[in-house]
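K.L.:
Next comes my_file.txt, compact mmCIF, C-alpha atoms:
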```txt
# COMPACT_ATOMS: atom_id res chain seq x y z
CA MET A 24 12.65 43.13 21.03
CA LYS A 25 14.70 41.07 23.43
CA THR A 26 14.76 37.29 23.18
CA TRP A 27 14.85 35.75 26.66
CA ARG A 28 17.41 33.00 27.17
CA ILE A 29 15.90 30.43 29.53
CA VAL A 30 17.14 27.31 31.29
CA GLY A 31 15.20 24.67 33.19
CA ILE A 32 16.89 23.36 36.33
CA ASN A 33 15.78 20.48 38.53
CA PHE A 34 12.94 18.34 37.19
CA ASP A 35 11.78 17.02 40.58
CA HIS A 36 8.35 18.65 40.23
CA MET A 37 6.14 17.54 37.35
CA HIS A 38 5.37 21.07 36.16
CA MET A 39 8.79 21.56 34.57
CA GLY A 40 7.41 20.08 31.35
CA ASP A 41 4.40 22.40 31.40
CA LEU A 42 6.57 25.45 32.04
CA LEU A 43 9.08 24.55 29.32
CA LYS A 44 6.22 23.95 26.88
CA GLN A 45 4.82 27.42 27.61
CA ALA A 46 8.25 29.00 27.30
CA LEU A 47 8.90 27.29 23.96
CA ALA A 48 5.57 28.56 22.63
CA HIS A 49 6.59 32.17 23.26
CA PRO A 50 8.10 33.90 20.20
CA ARG A 51 10.72 35.75 22.26
CA VAL A 52 12.08 32.79 24.24
CA GLU A 53 15.07 30.62 23.48
CA LEU A 54 15.57 27.52 25.61
CA VAL A 55 19.35 27.33 25.97
CA GLY A 56 19.69 24.39 28.35
CA VAL A 57 18.30 22.06 30.97
CA SER A 58 19.87 20.43 34.01
CA ASP A 59 19.11 17.83 36.62
CA GLU A 60 21.29 15.59 38.77
CA GLN A 61 19.07 12.67 37.71
CA PRO A 62 18.97 12.52 33.88
CA ASP A 63 16.19 9.91 33.91
CA ARG A 64 13.81 12.65 35.10
CA VAL A 65 14.77 14.85 32.15
CA TRP A 66 14.60 12.51 29.14
CA PRO A 67 10.81 11.92 29.11
CA VAL A 68 10.15 15.67 29.24
CA LEU A 69 12.63 16.48 26.47
CA ASP A 70 11.38 13.67 24.28
CA ARG A 71 7.70 14.61 24.79
CA LEU A 72 8.37 18.25 23.90
CA GLY A 73 10.75 17.53 21.02
CA ILE A 74 13.67 19.25 22.77
CA SER A 75 17.14 18.13 21.74
CA ARG A 76 18.98 16.10 24.35
CA THR A 77 22.08 18.14 23.46
CA LEU A 78 20.68 20.92 25.65
CA PHE A 79 21.15 18.72 28.74
CA GLU A 80 23.97 19.42 31.21
CA PRO A 81 23.99 17.43 34.48
CA ASP A 82 25.88 20.16 36.39
CA TYR A 83 23.67 23.23 36.87
CA ARG A 84 26.74 25.42 37.53
CA ARG A 85 28.33 24.54 34.20
CA LEU A 86 24.98 25.06 32.49
CA LEU A 87 24.58 28.55 33.95
CA GLU A 88 28.18 29.51 33.18
CA ARG A 89 28.04 28.17 29.61
CA THR A 90 24.63 29.53 28.62
CA ASN A 91 24.45 32.84 30.52
CA PRO A 92 20.62 32.76 30.66
CA ASP A 93 18.28 35.59 31.58
CA LEU A 94 15.86 33.35 33.49
CA ALA A 95 16.08 30.02 35.27
CA ILE A 96 12.95 27.95 35.78
CA LEU A 97 13.37 25.89 38.96
CA CYS A 98 11.19 22.90 39.87
CA PRO A 99 12.80 21.23 42.89
CA ALA A 100 10.92 19.52 45.70
CA THR A 101 9.18 22.07 47.92
CA ALA A 102 11.56 21.37 50.82
CA GLU A 103 14.48 22.39 48.57
CA HIS A 104 13.19 25.71 47.21
CA GLY A 105 15.43 27.76 49.48
CA GLU A 106 18.50 25.66 48.75
CA TRP A 107 18.03 25.89 44.98
CA THR A 108 17.29 29.61 45.03
CA GLU A 109 20.51 30.16 46.97
CA LYS A 110 22.44 27.98 44.49
CA VAL A 111 21.17 29.75 41.37
CA ALA A 112 20.79 33.39 42.49
CA PRO A 113 24.56 34.14 42.54
CA PHE A 114 24.63 33.52 38.78
CA GLY A 115 22.65 36.75 38.29
CA VAL A 116 19.54 35.33 36.63
CA HIS A 117 15.88 35.96 37.22
CA ILE A 118 14.25 32.94 38.87
CA LEU A 119 10.81 31.43 38.31
CA MET A 120 10.19 28.94 41.13
CA GLU A 121 7.42 26.37 40.99
CA LYS A 122 4.78 26.79 43.70
CA PRO A 123 4.51 26.86 46.62
CA PHE A 124 6.90 29.65 47.52
CA ALA A 125 8.62 27.93 50.45
CA ALA A 126 8.06 25.36 53.15
CA THR A 127 8.63 27.86 55.97
CA LEU A 128 8.74 31.60 56.54
CA ALA A 129 12.46 31.36 57.33
CA GLU A 130 13.08 29.65 54.01
CA ALA A 131 11.07 32.32 52.17
CA ASP A 132 13.18 35.00 53.86
CA ARG A 133 16.36 33.21 52.73
CA MET A 134 15.07 33.06 49.16
CA ILE A 135 14.18 36.74 49.11
CA ALA A 136 17.59 37.69 50.53
CA ALA A 137 19.47 35.52 48.02
CA VAL A 138 17.73 37.08 45.05
CA ALA A 139 17.93 40.61 46.48
CA ARG A 140 21.72 40.30 46.52
CA SER A 141 21.65 39.46 42.81
CA GLY A 142 19.47 42.42 41.83
CA LYS A 143 17.19 40.08 39.88
CA GLN A 144 13.57 39.05 40.40
CA LEU A 145 12.11 35.98 42.04
CA ALA A 146 8.69 34.93 40.80
CA ILE A 147 6.55 32.06 41.99
CA ASN A 148 4.54 30.10 39.45
CA TRP A 149 1.16 30.75 40.99
CA PRO A 150 -1.22 31.05 38.02
CA LEU A 151 -4.12 32.38 40.10
CA ARG A 152 -2.09 35.58 40.49
CA TRP A 153 -2.76 36.46 36.84
CA TYR A 154 -6.50 35.72 36.70
CA PRO A 155 -8.16 38.89 35.37
CA SER A 156 -10.64 38.97 38.27
CA HIS A 157 -7.79 38.80 40.80
CA VAL A 158 -5.80 41.50 39.04
CA THR A 159 -8.86 43.75 39.00
CA ALA A 160 -9.64 43.10 42.66
CA LYS A 161 -6.05 43.93 43.62
CA ARG A 162 -6.16 47.15 41.59
CA LEU A 163 -9.45 48.20 43.20
CA ILE A 164 -8.03 47.52 46.68
CA ASP A 165 -4.85 49.47 45.90
CA GLU A 166 -6.92 52.39 44.58
CA GLY A 167 -9.06 52.38 47.72
CA THR A 168 -12.18 51.84 45.63
CA ILE A 169 -13.53 48.88 47.59
CA GLY A 170 -12.10 49.64 51.01
CA GLU A 171 -10.08 47.56 53.41
CA LEU A 172 -9.55 43.90 52.59
CA LEU A 173 -10.64 41.66 55.44
CA GLN A 174 -11.01 38.26 53.83
CA VAL A 175 -10.92 36.58 50.41
CA HIS A 176 -13.09 33.68 49.27
CA TYR A 177 -12.58 32.27 45.80
CA TYR A 178 -14.66 29.55 44.17
```
What does the file become when written as structure tokens?
P.N.:
Amino acid sequence: MKTWRIVGINFDHMHMGDLLKQALAHPRVELVGVSDEQPDRVWPVLDRLGISRTLFEPDYRRLLERTNPDLAILCPATAEHGEWTEKVAPFGVHILMEKPFAATLAEADRMIAAVARSGKQLAINWPLRWYPSHVTAKRLIDEGTIGELLQVHYY
């Protein structure tokens, strides 16, 4: 089975550590590098997770060129999601972006277009998407079992 080569880029959002921890726990994942323009945001995460500081590269472009990853986890500030998707997509990697998707519809459209040109997938880290009850509800809607969706309330 394939081992996925993963990088973490931009530690502006606090969930980068959580996402890297989950990736490292997966038997078919290899963390091949991390990058941020501000190293002081990276060191506490690497140290807490026991990740070697040798994986750090301050220039995301050099990191992507050197490591040739399959997937890039991106955790920039929400207002920069479009910018970072457009920066990373040309390197031909799948992208997992921290939530929310984008700050505006126009930015979301830019993100979708950037990744479409690469032929890779863009996923948003929205854990509620994978809740079994949500997956089942979506399947039942798609199958026409429960009719037309008008509204969703979740508690």
K.L.:
Could you make a table, as CSV, of the residues of segment 90-159 of chain A that have an atom within 10 Å of an atom of segment 38-50 of chain A, each with its nearest atom pair and distance in Å to one decimal, counting all atoms listed in the file, in chain and number order?
P.N.:
```
residue,atom,partner,partner_atom,distance
A:Ile96,CA,A:Met39,CA,7.7
A:Leu97,CA,A:Met39,CA,7.7
A:Cys98,CA,A:Met39,CA,6.0
A:Pro99,CA,A:Met39,CA,9.2
A:Leu119,CA,A:Leu42,CA,9.6
A:Met120,CA,A:Met39,CA,10.0
A:Glu121,CA,A:His38,CA,7.5
A:Lys122,CA,A:His38,CA,9.5
A:Asn148,CA,A:Leu42,CA,9.0
```
K.L.:
Which of these residues is nearest to Leu54 of chain A, using all atoms listed in the file: A:Arg28, A:Arg152, A:His176, A:Arg71?
P.N.:
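The closest residue to Leu54 of chain A is A:Arg28.
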K.L.:
I need every residue sitting at most 10 Å from the point (14.6, 21.1, 24.3) (coordinates as in the file, all atoms listed in the file considered), written as a list in words.
P.N.:
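Residues close enough to count: Val30, Gly31, Leu43, Lys44, Leu47, Glu53, Leu54, Val55, Gly56, Val57, Trp66, Val68, Leu69, Asp70, Arg71, Leu72, Gly73, Ile74, Ser75, Arg76, Thr77, Leu78 and Phe79 of chain A.
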K.L.:
So the first atom is atom CA of Thr168 of chain A and the second is atom CA of Tyr154 of chain A; what is the distance between them in Å, to one decimal place?
P.N.:
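So the answer is 19.3 Å.
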K.L.:
Which residues are near Trp27 of chain A? Cut-off 7 Å, all atoms listed in the file, ignore same chain within fewer than 6 positions. Put them as a list in words.
P.N.:
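The residues satisfying every condition are Arg51, Val52, Glu53 and Asp93 of chain A.
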K.L.:
Atom CA of Gln61 of chain A and atom CA of His36 of chain A are how many Å apart?
P.N.:
12.5 Å
K.L.:
Arg140 of chain A: which residues within 12 Å, counting only C-alpha atoms, same-chain residues fewer than 6 positions away excluded, as a VMD selection string?
P.N.:
chain A and resid 108 to 109 111 to 117 133 to 134
K.L.:
What gap, in Å, lies between atom CA of Gln144 of chain A and atom CA of Gly167 of chain A?
P.N.:
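Answer for the atom CA of Gln144 of chain A to atom CA of Gly167 of chain A separation: 27.3 Å.
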K.L.:
Which is closest to Ile118 of chain A among A:His157, A:Asp35, A:Leu172, A:Ala139, if we use only C-alpha atoms?
P.N.:
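Of all the options, A:Ala139 lies closest to Ile118 of chain A.
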K.L.:
Out of A:Ile32, A:Asp82, A:Lys110, A:Val175, which residue has the shortest atom-to-atom distance to Leu94 of chain A when counting only C-alpha atoms?
P.N.:
A:Ile32
K.L.:
Counting only C-alpha atoms, which of A:Glu88, A:Glu171, A:Tyr83, A:Gly105 gets nearest to Leu128 of chain A?
P.N.:
A:Gly105
K.L.:
From the set A:Lys161, A:Arg64, A:Arg85, A:His104, which residue has the shortest atom-to-atom contact distance to Ile147 of chain A, counting all atoms listed in the file?
P.N.:
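Result for the nearest residue to Ile147 of chain A: A:His104.
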